[in-house]
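Asker: I am sharing input.cif, which consists of mmCIF, C-alpha atoms and all ligand atoms:
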data_data
#
loop_
_atom_site.label_atom_id
_atom_site.label_comp_id
_atom_site.auth_asym_id
_atom_site.auth_seq_id
_atom_site.Cartn_x
_atom_site.Cartn_y
_atom_site.Cartn_z
CA MET A 10 8.14 -9.03 26.60
CA LEU A 11 9.51 -12.13 28.17
CA GLU A 12 13.06 -12.00 29.39
CA VAL A 13 14.86 -15.29 29.08
CA LYS A 14 17.17 -15.98 31.99
CA PRO A 15 20.13 -18.27 31.70
CA ASN A 16 19.68 -21.70 33.21
CA GLN A 17 22.93 -22.81 34.72
CA GLU A 18 22.02 -26.51 34.61
CA SER A 19 23.69 -28.14 31.69
CA ALA A 20 21.94 -30.54 29.56
CA GLY A 21 22.56 -33.91 27.91
CA PRO A 22 23.72 -34.63 24.38
CA PRO A 23 23.15 -32.18 21.50
CA GLU A 24 19.77 -32.35 19.78
CA HIS A 25 19.94 -32.85 16.02
CA VAL A 26 17.30 -30.85 14.09
CA LYS A 27 16.63 -30.34 10.41
CA ASN A 28 15.91 -26.67 10.79
CA LEU A 29 16.77 -24.29 13.61
CA ILE A 30 15.38 -20.77 13.62
CA LEU A 31 16.89 -18.02 15.73
CA GLY A 32 14.38 -15.34 16.69
CA SER A 33 10.65 -15.21 17.34
CA GLY A 34 9.60 -11.99 15.59
CA PRO A 35 7.45 -12.01 12.43
CA ALA A 36 10.42 -13.25 10.37
CA GLY A 37 11.27 -16.18 12.65
CA LEU A 38 7.69 -17.30 13.25
CA SER A 39 6.72 -17.03 9.56
CA ALA A 40 9.80 -19.07 8.69
CA ALA A 41 8.64 -21.60 11.30
CA LEU A 42 5.19 -21.83 9.72
CA TYR A 43 6.58 -22.56 6.26
CA SER A 44 9.29 -24.85 7.53
CA ALA A 45 6.79 -26.83 9.67
CA ARG A 46 4.41 -27.22 6.72
CA ALA A 47 7.37 -28.57 4.72
CA GLN A 48 7.88 -31.21 7.46
CA LEU A 49 11.21 -29.83 8.66
CA GLU A 50 9.98 -29.94 12.27
CA PRO A 51 11.64 -26.60 13.06
CA VAL A 52 12.79 -25.51 16.48
CA VAL A 53 12.52 -21.77 17.13
CA LEU A 54 14.77 -20.26 19.77
CA ALA A 55 12.65 -17.35 20.96
CA GLY A 56 15.64 -15.25 22.05
CA GLN A 57 15.82 -12.50 24.66
CA GLU A 58 12.77 -10.64 23.40
CA TYR A 59 9.93 -12.97 22.57
CA GLY A 60 8.10 -11.54 19.56
CA GLY A 61 10.87 -9.06 18.78
CA GLN A 62 10.11 -5.39 18.16
CA VAL A 63 6.52 -6.13 17.21
CA SER A 64 5.72 -7.27 20.73
CA LEU A 65 6.63 -3.77 21.91
CA THR A 66 4.15 -2.25 19.48
CA HIS A 67 0.82 -1.35 20.96
CA ILE A 68 -1.36 -1.57 17.83
CA ILE A 69 -0.55 -2.70 14.29
CA GLU A 70 -2.84 -1.28 11.65
CA ASN A 71 -0.89 -2.11 8.50
CA TYR A 72 -0.67 -5.90 8.63
CA PRO A 73 -3.11 -7.22 6.02
CA GLY A 74 -5.99 -9.35 7.23
CA PHE A 75 -6.69 -7.22 10.31
CA PRO A 76 -8.97 -4.40 9.13
CA ASP A 77 -9.66 -3.42 12.75
CA ALA A 78 -5.96 -3.56 13.73
CA VAL A 79 -4.25 -6.05 16.00
CA GLY A 80 -2.07 -5.70 19.09
CA GLY A 81 1.64 -6.49 18.69
CA PRO A 82 1.75 -9.19 21.41
CA GLU A 83 -1.53 -10.64 20.10
CA LEU A 84 -0.13 -10.90 16.57
CA THR A 85 2.96 -12.69 17.94
CA GLU A 86 0.71 -15.23 19.71
CA LEU A 87 -1.26 -15.81 16.50
CA PHE A 88 1.94 -16.33 14.47
CA LYS A 89 3.18 -18.78 17.11
CA LYS A 90 -0.09 -20.68 17.33
CA GLN A 91 -0.27 -21.07 13.56
CA ALA A 92 3.32 -22.36 13.31
CA GLU A 93 2.79 -24.75 16.24
CA ARG A 94 -0.33 -26.15 14.60
CA PHE A 95 1.96 -27.65 11.95
CA GLY A 96 4.55 -28.94 14.36
CA ALA A 97 6.96 -26.05 15.00
CA ARG A 98 8.44 -26.03 18.50
CA VAL A 99 9.04 -22.64 20.09
CA VAL A 100 11.59 -22.84 22.89
CA PHE A 101 12.22 -20.01 25.34
CA ASP A 102 15.96 -20.12 25.10
CA THR A 103 18.68 -18.03 23.46
CA ALA A 104 21.64 -18.89 21.25
CA ILE A 105 24.87 -17.82 22.92
CA GLU A 106 27.46 -19.41 20.61
CA VAL A 107 27.39 -20.65 17.03
CA ASP A 108 29.82 -22.61 14.92
CA LEU A 109 29.02 -22.36 11.23
CA SER A 110 32.31 -23.82 10.01
CA GLN A 111 30.74 -27.19 9.16
CA ARG A 112 27.34 -28.85 8.79
CA PRO A 113 25.45 -29.67 10.88
CA PHE A 114 25.87 -26.24 12.43
CA ARG A 115 26.48 -26.15 16.15
CA VAL A 116 24.37 -23.76 18.20
CA LYS A 117 24.87 -23.53 21.93
CA THR A 118 22.13 -22.03 24.09
CA TYR A 119 21.78 -21.34 27.79
CA GLU A 120 20.06 -24.70 28.16
CA LYS A 121 21.66 -27.11 25.68
CA GLU A 122 23.33 -27.62 22.30
CA TYR A 123 21.70 -28.09 18.89
CA LEU A 124 23.10 -29.56 15.70
CA ALA A 125 21.20 -28.01 12.82
CA ASP A 126 21.15 -29.13 9.19
CA THR A 127 19.90 -25.68 8.22
CA LEU A 128 19.79 -22.43 10.13
CA ILE A 129 17.53 -19.42 9.64
CA ILE A 130 18.77 -16.30 11.37
CA ALA A 131 15.95 -13.92 12.27
CA THR A 132 17.49 -12.19 15.27
CA GLY A 133 16.25 -8.74 14.26
CA ALA A 134 17.60 -5.34 15.12
CA THR A 135 17.30 -3.15 18.16
CA PRO A 136 16.48 0.57 17.89
CA ARG A 137 19.34 2.61 19.28
CA HIS A 138 18.54 4.37 22.51
CA LEU A 139 19.58 7.87 23.52
CA GLY A 140 20.54 6.65 26.97
CA VAL A 141 19.16 9.73 28.77
CA PRO A 142 17.22 9.84 32.05
CA GLY A 143 13.48 9.22 31.60
CA GLU A 144 13.83 7.37 28.29
CA VAL A 145 13.30 3.86 29.62
CA GLU A 146 10.63 4.81 32.17
CA LEU A 147 8.56 6.73 29.61
CA THR A 148 8.85 4.26 26.71
CA GLY A 149 5.29 3.53 25.63
CA ARG A 150 4.16 6.62 27.56
CA GLY A 151 5.23 9.20 25.01
CA VAL A 152 8.66 7.87 24.10
CA SER A 153 8.54 5.82 20.91
CA TYR A 154 10.88 4.35 18.31
CA CYS A 155 8.23 3.88 15.61
CA GLY A 156 6.16 6.65 14.02
CA THR A 157 4.24 4.25 11.82
CA CYS A 158 3.19 2.28 14.91
CA ASP A 159 2.44 5.05 17.40
CA GLY A 160 1.84 8.25 15.40
CA PHE A 161 -1.91 7.88 15.55
CA PHE A 162 -1.87 8.29 19.33
CA PHE A 163 -0.48 11.82 18.91
CA LYS A 164 -3.40 13.32 17.05
CA ASP A 165 -3.40 17.12 17.53
CA LYS A 166 -0.44 16.92 19.93
CA ASP A 167 3.08 18.32 19.78
CA VAL A 168 5.98 15.93 19.36
CA ILE A 169 9.72 16.05 18.89
CA VAL A 170 11.74 13.77 16.64
CA VAL A 171 15.38 13.07 17.51
CA GLY A 172 17.84 12.30 14.70
CA GLY A 173 19.07 13.73 11.42
CA GLY A 174 18.98 10.74 9.06
CA ASP A 175 16.47 9.47 6.51
CA SER A 176 14.37 7.77 9.19
CA ALA A 177 14.01 10.98 11.19
CA MET A 178 12.93 12.92 8.07
CA GLU A 179 10.58 10.25 6.78
CA GLU A 180 9.00 9.41 10.12
CA GLY A 181 8.87 13.09 11.09
CA ALA A 182 6.94 13.91 7.91
CA PHE A 183 4.66 10.93 8.56
CA LEU A 184 3.95 12.20 12.08
CA THR A 185 2.69 15.54 10.72
CA ARG A 186 -0.39 13.64 9.54
CA PHE A 187 -1.42 13.41 13.16
CA ALA A 188 0.53 15.87 15.28
CA ASN A 189 0.05 19.65 15.37
CA ASN A 190 3.77 20.25 15.25
CA VAL A 191 6.81 18.07 14.77
CA THR A 192 10.05 19.60 16.01
CA LEU A 193 13.10 17.75 14.77
CA VAL A 194 16.07 17.96 17.12
CA HIS A 195 19.46 17.12 15.63
CA ARG A 196 22.89 17.19 17.23
CA ARG A 197 24.68 18.80 14.24
CA GLU A 198 23.94 21.56 11.77
CA GLU A 199 24.26 19.30 8.71
CA PHE A 200 21.85 16.46 8.24
CA ARG A 201 22.77 12.92 7.34
CA ALA A 202 19.49 12.46 5.43
CA GLY A 203 19.48 12.44 1.64
CA ASP A 204 18.44 15.56 -0.29
CA LEU A 205 14.99 14.41 -1.30
CA LEU A 206 13.70 13.45 2.15
CA LEU A 207 15.40 16.47 3.70
CA GLN A 208 13.82 18.86 1.21
CA ARG A 209 10.37 17.32 1.72
CA ALA A 210 10.71 17.64 5.48
CA LYS A 211 11.88 21.25 5.21
CA GLU A 212 8.97 22.15 2.96
CA ASN A 213 6.47 20.62 5.35
CA PRO A 214 4.72 23.52 7.13
CA LYS A 215 4.19 21.47 10.30
CA MET A 216 7.89 20.66 10.73
CA LYS A 217 10.38 22.80 12.64
CA PHE A 218 14.10 22.17 13.12
CA ILE A 219 16.41 22.70 16.06
CA THR A 220 20.03 21.92 15.22
CA ASP A 221 23.28 21.61 17.18
CA THR A 222 21.11 20.43 20.03
CA VAL A 223 20.76 17.30 22.14
CA VAL A 224 18.10 15.96 24.48
CA ASN A 225 19.56 15.68 27.98
CA LYS A 226 16.55 14.21 29.74
CA ILE A 227 12.91 13.37 29.26
CA GLU A 228 10.42 14.21 31.97
CA GLY A 229 6.77 13.58 32.77
CA ASN A 230 4.60 12.15 35.47
CA GLY A 231 3.26 8.97 33.85
CA ALA A 232 3.44 10.55 30.36
CA VAL A 233 6.00 12.74 28.62
CA ASN A 234 5.51 16.48 29.06
CA THR A 235 8.97 18.09 28.85
CA VAL A 236 12.45 17.48 27.51
CA GLU A 237 15.60 19.32 28.45
CA LEU A 238 17.36 20.53 25.32
CA GLU A 239 20.96 21.70 25.26
CA ASN A 240 22.50 23.72 22.48
CA LEU A 241 25.96 22.25 21.99
CA LYS A 242 27.39 25.48 20.53
CA THR A 243 26.17 27.94 23.17
CA GLY A 244 25.67 25.55 26.12
CA ASP A 245 22.16 27.04 26.62
CA LYS A 246 19.64 24.70 28.19
CA GLN A 247 15.87 24.96 27.92
CA ALA A 248 12.86 22.99 29.16
CA PHE A 249 10.85 22.25 26.02
CA LYS A 250 7.19 21.21 26.31
CA THR A 251 6.19 18.20 24.24
CA ASP A 252 3.74 15.31 24.35
CA GLY A 253 5.92 12.80 22.55
CA VAL A 254 9.56 11.98 21.85
CA PHE A 255 10.21 9.90 18.74
CA ILE A 256 13.78 8.63 18.60
CA PHE A 257 15.25 7.71 15.20
CA ILE A 258 18.98 7.49 15.68
CA GLY A 259 19.51 4.22 13.85
CA HIS A 260 19.22 0.52 14.63
CA THR A 261 21.76 -2.03 15.71
CA PRO A 262 21.34 -5.42 14.02
CA ASN A 263 21.66 -8.36 16.41
CA THR A 264 24.56 -10.02 14.65
CA GLN A 265 27.32 -10.10 17.25
CA LEU A 266 27.11 -13.91 17.42
CA PHE A 267 27.99 -14.28 13.75
CA GLN A 268 30.97 -11.97 13.57
CA GLY A 269 33.81 -13.52 11.61
CA GLN A 270 31.52 -16.32 10.36
CA LEU A 271 29.07 -14.57 8.03
CA GLU A 272 29.48 -11.63 5.66
CA MET A 273 28.11 -8.36 7.00
CA ASP A 274 27.92 -4.82 5.69
CA ALA A 275 29.57 -1.85 7.36
CA GLY A 276 26.53 -1.41 9.62
CA GLY A 277 26.72 -5.01 10.84
CA TYR A 278 23.68 -6.19 8.83
CA LEU A 279 23.98 -9.72 7.42
CA ILE A 280 24.48 -9.83 3.67
CA ALA A 281 22.17 -12.18 1.78
CA ASN A 282 21.13 -12.66 -1.83
CA LYS A 283 17.55 -12.58 -3.06
CA TYR A 284 17.16 -16.22 -2.00
CA MET A 285 17.93 -15.23 1.60
CA GLU A 286 21.19 -17.18 1.36
CA THR A 287 24.16 -15.98 3.41
CA SER A 288 27.83 -16.53 2.65
CA VAL A 289 27.56 -20.00 4.28
CA PRO A 290 25.47 -22.58 2.36
CA GLY A 291 22.61 -23.82 4.54
CA VAL A 292 22.45 -20.62 6.59
CA PHE A 293 19.59 -18.28 5.66
CA VAL A 294 18.39 -14.93 6.96
CA ALA A 295 15.06 -13.23 7.37
CA GLY A 296 13.82 -9.88 8.64
CA GLU A 297 15.59 -6.84 9.98
CA VAL A 298 18.84 -8.60 10.75
CA ALA A 299 19.42 -8.32 7.00
CA ASP A 300 17.11 -5.41 6.17
CA PRO A 301 17.92 -1.86 7.22
CA HIS A 302 15.55 -0.52 4.61
CA PHE A 303 11.91 -1.68 4.90
CA ARG A 304 11.61 -2.83 8.51
CA GLN A 305 7.91 -3.73 8.38
CA VAL A 306 6.08 -6.71 9.88
CA ILE A 307 4.88 -7.77 6.45
CA THR A 308 8.28 -7.54 4.77
CA SER A 309 9.93 -9.46 7.60
CA ALA A 310 7.21 -12.13 7.47
CA GLY A 311 7.71 -12.41 3.70
CA MET A 312 11.45 -12.84 4.14
CA GLY A 313 10.78 -15.55 6.73
CA ALA A 314 8.60 -17.49 4.30
CA ALA A 315 11.22 -17.13 1.56
CA ALA A 316 14.04 -18.30 3.85
CA ALA A 317 12.08 -21.41 4.88
CA ILE A 318 11.25 -22.27 1.26
CA GLN A 319 14.94 -22.01 0.40
CA ALA A 320 15.96 -24.07 3.43
CA THR A 321 13.53 -26.78 2.29
CA ARG A 322 15.00 -26.77 -1.22
CA PHE A 323 18.52 -26.80 0.20
CA LEU A 324 17.75 -29.92 2.24
CA GLU A 325 16.27 -31.64 -0.81
CA GLU A 326 19.49 -30.96 -2.73
CA ASN A 327 21.82 -31.59 0.26
CA PRO A 328 20.16 -34.33 2.27
P1 LIG A 401 21.25 6.85 10.21
O1 LIG A 401 21.33 7.17 8.77
O2 LIG A 401 22.36 6.10 10.86
O3 LIG A 401 21.05 8.24 10.98
C1 LIG A 401 21.02 8.29 12.37
C2 LIG A 401 20.89 9.75 12.78
O4 LIG A 401 20.80 9.78 14.20
C3 LIG A 401 22.11 10.60 12.38
O5 LIG A 401 21.67 11.86 11.97
C4 LIG A 401 22.90 10.67 13.67
O6 LIG A 401 23.57 11.91 13.86
C5 LIG A 401 21.82 10.61 14.73
N1 LIG A 401 22.32 10.02 15.96
C6 LIG A 401 22.97 8.83 16.10
N2 LIG A 401 23.24 8.61 17.41
C7 LIG A 401 22.77 9.69 18.08
C8 LIG A 401 22.74 10.05 19.46
N3 LIG A 401 23.25 9.24 20.41
N4 LIG A 401 22.17 11.21 19.79
C9 LIG A 401 21.64 12.02 18.85
N5 LIG A 401 21.62 11.74 17.55
C10 LIG A 401 22.18 10.58 17.17
O7 LIG A 401 19.92 5.99 10.59
P2 LIG A 401 18.49 5.98 9.87
O8 LIG A 401 18.01 7.36 9.63
O9 LIG A 401 17.66 5.06 10.69
O10 LIG A 401 18.78 5.28 8.47
C11 LIG A 401 19.32 3.95 8.42
C12 LIG A 401 19.46 3.48 6.97
O11 LIG A 401 18.15 3.30 6.42
C13 LIG A 401 20.16 4.53 6.11
O12 LIG A 401 20.94 3.86 5.16
C14 LIG A 401 19.02 5.24 5.43
O13 LIG A 401 19.38 5.81 4.17
C15 LIG A 401 18.01 4.10 5.26
N6 LIG A 401 16.64 4.64 5.20
C16 LIG A 401 16.16 4.96 3.97
C17 LIG A 401 14.89 5.49 3.86
C18 LIG A 401 14.37 5.79 2.50
O14 LIG A 401 15.14 5.79 1.56
N7 LIG A 401 13.09 6.05 2.33
C19 LIG A 401 14.11 5.72 5.00
C20 LIG A 401 14.65 5.41 6.24
C21 LIG A 401 15.93 4.88 6.33
P3 LIG A 401 24.89 12.26 12.98
O15 LIG A 401 24.37 12.57 11.62
O16 LIG A 401 25.45 13.43 13.72
O17 LIG A 401 25.74 11.04 13.05
#
Write out the structure in this file as structure tokens.
Answerer:
Amino acid sequence: MLEVKPNQESAGPPEHVKNLILGSGPAGLSAALYSARAQLEPVVLAGQEYGGQVSLTHIIENYPGFPDAVGGPELTELFKKQAERFGARVVFDTAIEVDLSQRPFRVKTYEKEYLADTLIIATGATPRHLGVPGEVELTGRGVSYCGTCDGFFFKDKDVIVVGGGDSAMEEGAFLTRFANNVTLVHRREEFRAGDLLLQRAKENPKMKFITDTVVNKIEGNGAVNTVELENLKTGDKQAFKTDGVFIFIGHTPNTQLFQGQLEMDAGGYLIANKYMETSVPGVFVAGEVADPHFRQVITSAGMGAAAAIQATRFLEENP
């Protein structure tokens, strides 16, 4: 992951582009490929996390075309290389202010200002963190936010899942394909998950449930081996042995920049129609910033392609 630091030097007149893409995950880079092939000469602002969530994923086994799997960072590089081959320009800079009140849209970054005839927002979502000691240090060493990505590495091991929503149930059940035991730890007695996923999880013989309980800290020397659990009703604390901690407590879409300018749902996800169009004509979305449901590399890439096709049509109709 490449952290983009602000550059205090300010920079010349605004650059006018036909198509500006915010975000360099599978959605943003697929949009760039399609937009470049349509001669829109797109500029991609890579954002704070180059490659997005996929670059944090060790191995991807469910992206078609890679029967022997592909590393997350490697896939990002391939996406980038393919888009650049057709003229896309990936810039390691981040949008810090946008004005969508008139076209061309104004986008201010750390480095400069852009005027964009069309904008594709692919800023993604960030998995929520527990914020407990050990979580950051042991991420990728037993702490994970993606069962589909990392479950395979927990073959015949014991893991815990944190959360009580649909994701926790679905991913927990998925993890039982690999793990010996999946213990789901939830902070309340009632679950937020819908009946069907909850029932399936409860009927799964490899799943156990600990309710009214939180994880206070995650410990391990180089790899997770224990969590401290606290029962919120009794106050009892216990050291619980585990090889993995999968955290599914929701995602936060990266939409703060667009507040008050684009329609969002109650969770802050951008609202778009099936053409990837937002409430502002000329502004399109792609990927998890508008998708709390599928959250896969392939679905995000597909949304990116669709957004770029629509942006191209929009420019034909609104030169
Ligand atoms: P979610 O529904 O927001 O659930 C998050 C869970 O994490 C809740 O149980 C919440 O507890 C818990 N939580 C939140 N912050 C916590 C913290 N700091 N410490 C401990 N626990 C915490 O998120 P989600 O499960 O990712 O689902 C997101 C959306 O995607 C939902 O609309 C869901 O229906 C949908 N989805 C659907 C499917 C499907 O249909 N197949 C699969 C996955 C997701 P509380 O309940 O106490 O608040």
Asker: Each residue of chain A with at least one atom at most 10 Å from ligand LIG 401 (chain A) should appear once, together with its nearest atom pair and the corresponding distance in Å (one decimal); atoms considered: all atoms listed in the file; ordering: chain, then increasing residue number; output as CSV.
Answerer:
residue,atom,partner,partner_atom,distance
A:Pro136,CA,A:LIG401,O9,8.6
A:Arg137,CA,A:LIG401,N2,7.4
A:His138,CA,A:LIG401,N3,7.1
A:Leu139,CA,A:LIG401,N3,5.0
A:Gly140,CA,A:LIG401,N3,7.6
A:Val141,CA,A:LIG401,N3,9.3
A:Val171,CA,A:LIG401,N5,6.4
A:Gly172,CA,A:LIG401,O4,3.9
A:Gly173,CA,A:LIG401,O5,3.2
A:Gly174,CA,A:LIG401,O8,3.6
A:Asp175,CA,A:LIG401,O8,4.1
A:Ser176,CA,A:LIG401,O8,3.7
A:Ala177,CA,A:LIG401,O8,5.6
A:Met178,CA,A:LIG401,O8,7.7
A:Glu179,CA,A:LIG401,C19,6.0
A:Glu180,CA,A:LIG401,C20,7.9
A:Val194,CA,A:LIG401,C9,8.3
A:His195,CA,A:LIG401,N5,6.1
A:Arg196,CA,A:LIG401,C9,5.6
A:Arg197,CA,A:LIG401,O16,5.4
A:Glu198,CA,A:LIG401,O16,8.5
A:Glu199,CA,A:LIG401,O15,7.3
A:Phe200,CA,A:LIG401,O15,5.7
A:Arg201,CA,A:LIG401,O15,4.6
A:Ala202,CA,A:LIG401,O1,6.5
A:Gly203,CA,A:LIG401,O13,7.1
A:Leu205,CA,A:LIG401,O14,9.1
A:Leu206,CA,A:LIG401,N7,7.4
A:Asp221,CA,A:LIG401,O16,9.1
A:Thr222,CA,A:LIG401,C9,8.5
A:Val223,CA,A:LIG401,C9,6.3
A:Val224,CA,A:LIG401,C9,7.7
A:Asn225,CA,A:LIG401,N4,9.7
A:Ile256,CA,A:LIG401,O4,8.4
A:Phe257,CA,A:LIG401,O9,5.8
A:Ile258,CA,A:LIG401,O4,3.3
A:Gly259,CA,A:LIG401,O7,3.7
A:His260,CA,A:LIG401,O9,6.2
A:Thr261,CA,A:LIG401,O2,9.5
A:Gly276,CA,A:LIG401,O2,8.7
A:Asp300,CA,A:LIG401,O11,8.8
A:Pro301,CA,A:LIG401,O11,5.2
A:His302,CA,A:LIG401,O11,5.0
A:Phe303,CA,A:LIG401,C20,7.7
A:Arg304,CA,A:LIG401,C20,9.1
Asker: Could you give me, as JSON lines, a per-residue list for range 22-60 of chain A showing, wherever an atom lies at most 7 Å from an atom of range 91-111 of chain A, the closest pair of atoms and their distance in Å to one decimal, using only C-alpha atoms and sorting by chain then residue number from low to high?
Answerer:
{"residue": "A:Leu38", "atom": "CA", "partner": "A:Ala92", "partner_atom": "CA", "distance": 6.7}
{"residue": "A:Ala41", "atom": "CA", "partner": "A:Ala92", "partner_atom": "CA", "distance": 5.7}
{"residue": "A:Leu42", "atom": "CA", "partner": "A:Ala92", "partner_atom": "CA", "distance": 4.1}
{"residue": "A:Ala45", "atom": "CA", "partner": "A:Ala97", "partner_atom": "CA", "distance": 5.4}
{"residue": "A:Arg46", "atom": "CA", "partner": "A:Phe95", "partner_atom": "CA", "distance": 5.8}
{"residue": "A:Glu50", "atom": "CA", "partner": "A:Ala97", "partner_atom": "CA", "distance": 5.6}
{"residue": "A:Pro51", "atom": "CA", "partner": "A:Ala97", "partner_atom": "CA", "distance": 5.1}
{"residue": "A:Val52", "atom": "CA", "partner": "A:Arg98", "partner_atom": "CA", "distance": 4.8}
{"residue": "A:Val53", "atom": "CA", "partner": "A:Val99", "partner_atom": "CA", "distance": 4.7}
{"residue": "A:Leu54", "atom": "CA", "partner": "A:Val100", "partner_atom": "CA", "distance": 5.1}
{"residue": "A:Ala55", "atom": "CA", "partner": "A:Phe101", "partner_atom": "CA", "distance": 5.1}
{"residue": "A:Gly56", "atom": "CA", "partner": "A:Thr103", "partner_atom": "CA", "distance": 4.4}
{"residue": "A:Gln57", "atom": "CA", "partner": "A:Thr103", "partner_atom": "CA", "distance": 6.3}
Asker: Take CA of Gly313 in chain A and CA of Gly296 in chain A and report the distance between them in Å, one decimal.
Answerer: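 We find that CA of Gly313 in chain A and CA of Gly296 in chain A lie 6.7 Å from each other.
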Asker: Between A:Glu297, A:Asp252, A:Glu326, A:Asp274, which has the minimum distance to Pro35 in chain A (counting all atoms listed in the file)?
Answerer: A:Glu297
Asker: Could you tell me which of A:Tyr59, A:Asp126, A:Tyr43, A:Gly231 comes closest to His25 in chain A if we count only C-alpha atoms?
Answerer: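 Counting only C-alpha atoms, the residue closest to His25 in chain A is A:Asp126.
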Asker: Could range 298-318 of chain A be completed with N, CA and C atoms and returned as a CSV table (one decimal), in the frame of the given file?
Answerer:
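Written file, out.csv:
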chain,number,residue,atom,x,y,z
A,298,VAL,N,17.4,-8.3,10.6
A,298,VAL,CA,18.8,-8.6,10.8
A,298,VAL,C,19.6,-8.4,9.4
A,299,ALA,N,18.8,-8.5,8.3
A,299,ALA,CA,19.4,-8.3,7.0
A,299,ALA,C,18.7,-7.2,6.2
A,300,ASP,N,17.9,-6.4,6.9
A,300,ASP,CA,17.1,-5.4,6.2
A,300,ASP,C,17.1,-4.1,6.9
A,301,PRO,N,18.0,-3.2,6.6
A,301,PRO,CA,17.9,-1.9,7.2
A,301,PRO,C,16.9,-0.9,6.5
A,302,HIS,N,16.3,-1.4,5.5
A,302,HIS,CA,15.6,-0.5,4.6
A,302,HIS,C,14.0,-0.5,4.9
A,303,PHE,N,13.4,-1.7,4.8
A,303,PHE,CA,11.9,-1.7,4.9
A,303,PHE,C,11.4,-1.8,6.3
A,304,ARG,N,11.9,-2.7,7.1
A,304,ARG,CA,11.6,-2.8,8.5
A,304,ARG,C,10.1,-2.8,8.8
A,305,GLN,N,9.3,-3.6,8.1
A,305,GLN,CA,7.9,-3.7,8.4
A,305,GLN,C,7.6,-5.2,8.8
A,306,VAL,N,6.5,-5.4,9.5
A,306,VAL,CA,6.1,-6.7,9.9
A,306,VAL,C,5.9,-7.6,8.6
A,307,ILE,N,5.2,-7.0,7.6
A,307,ILE,CA,4.9,-7.8,6.4
A,307,ILE,C,6.1,-8.1,5.6
A,308,THR,N,7.1,-7.2,5.5
A,308,THR,CA,8.3,-7.5,4.8
A,308,THR,C,9.1,-8.6,5.5
A,309,SER,N,9.2,-8.5,6.8
A,309,SER,CA,9.9,-9.5,7.6
A,309,SER,C,9.3,-10.8,7.5
A,310,ALA,N,7.9,-10.9,7.6
A,310,ALA,CA,7.2,-12.1,7.5
A,310,ALA,C,7.5,-12.7,6.1
A,311,GLY,N,7.5,-11.9,5.1
A,311,GLY,CA,7.7,-12.4,3.7
A,311,GLY,C,9.1,-13.0,3.6
A,312,MET,N,10.1,-12.3,4.2
A,312,MET,CA,11.4,-12.8,4.1
A,312,MET,C,11.5,-14.2,4.9
A,313,GLY,N,10.8,-14.3,6.0
A,313,GLY,CA,10.8,-15.6,6.7
A,313,GLY,C,10.3,-16.7,5.9
A,314,ALA,N,9.2,-16.5,5.2
A,314,ALA,CA,8.6,-17.5,4.3
A,314,ALA,C,9.6,-17.9,3.2
A,315,ALA,N,10.2,-16.9,2.6
A,315,ALA,CA,11.2,-17.1,1.6
A,315,ALA,C,12.4,-17.9,2.1
A,316,ALA,N,12.9,-17.6,3.3
A,316,ALA,CA,14.0,-18.3,3.8
A,316,ALA,C,13.7,-19.8,4.1
A,317,ALA,N,12.5,-20.0,4.6
A,317,ALA,CA,12.1,-21.4,4.9
A,317,ALA,C,11.9,-22.2,3.6
A,318,ILE,N,11.4,-21.6,2.6
A,318,ILE,CA,11.2,-22.3,1.3
A,318,ILE,C,12.6,-22.7,0.7
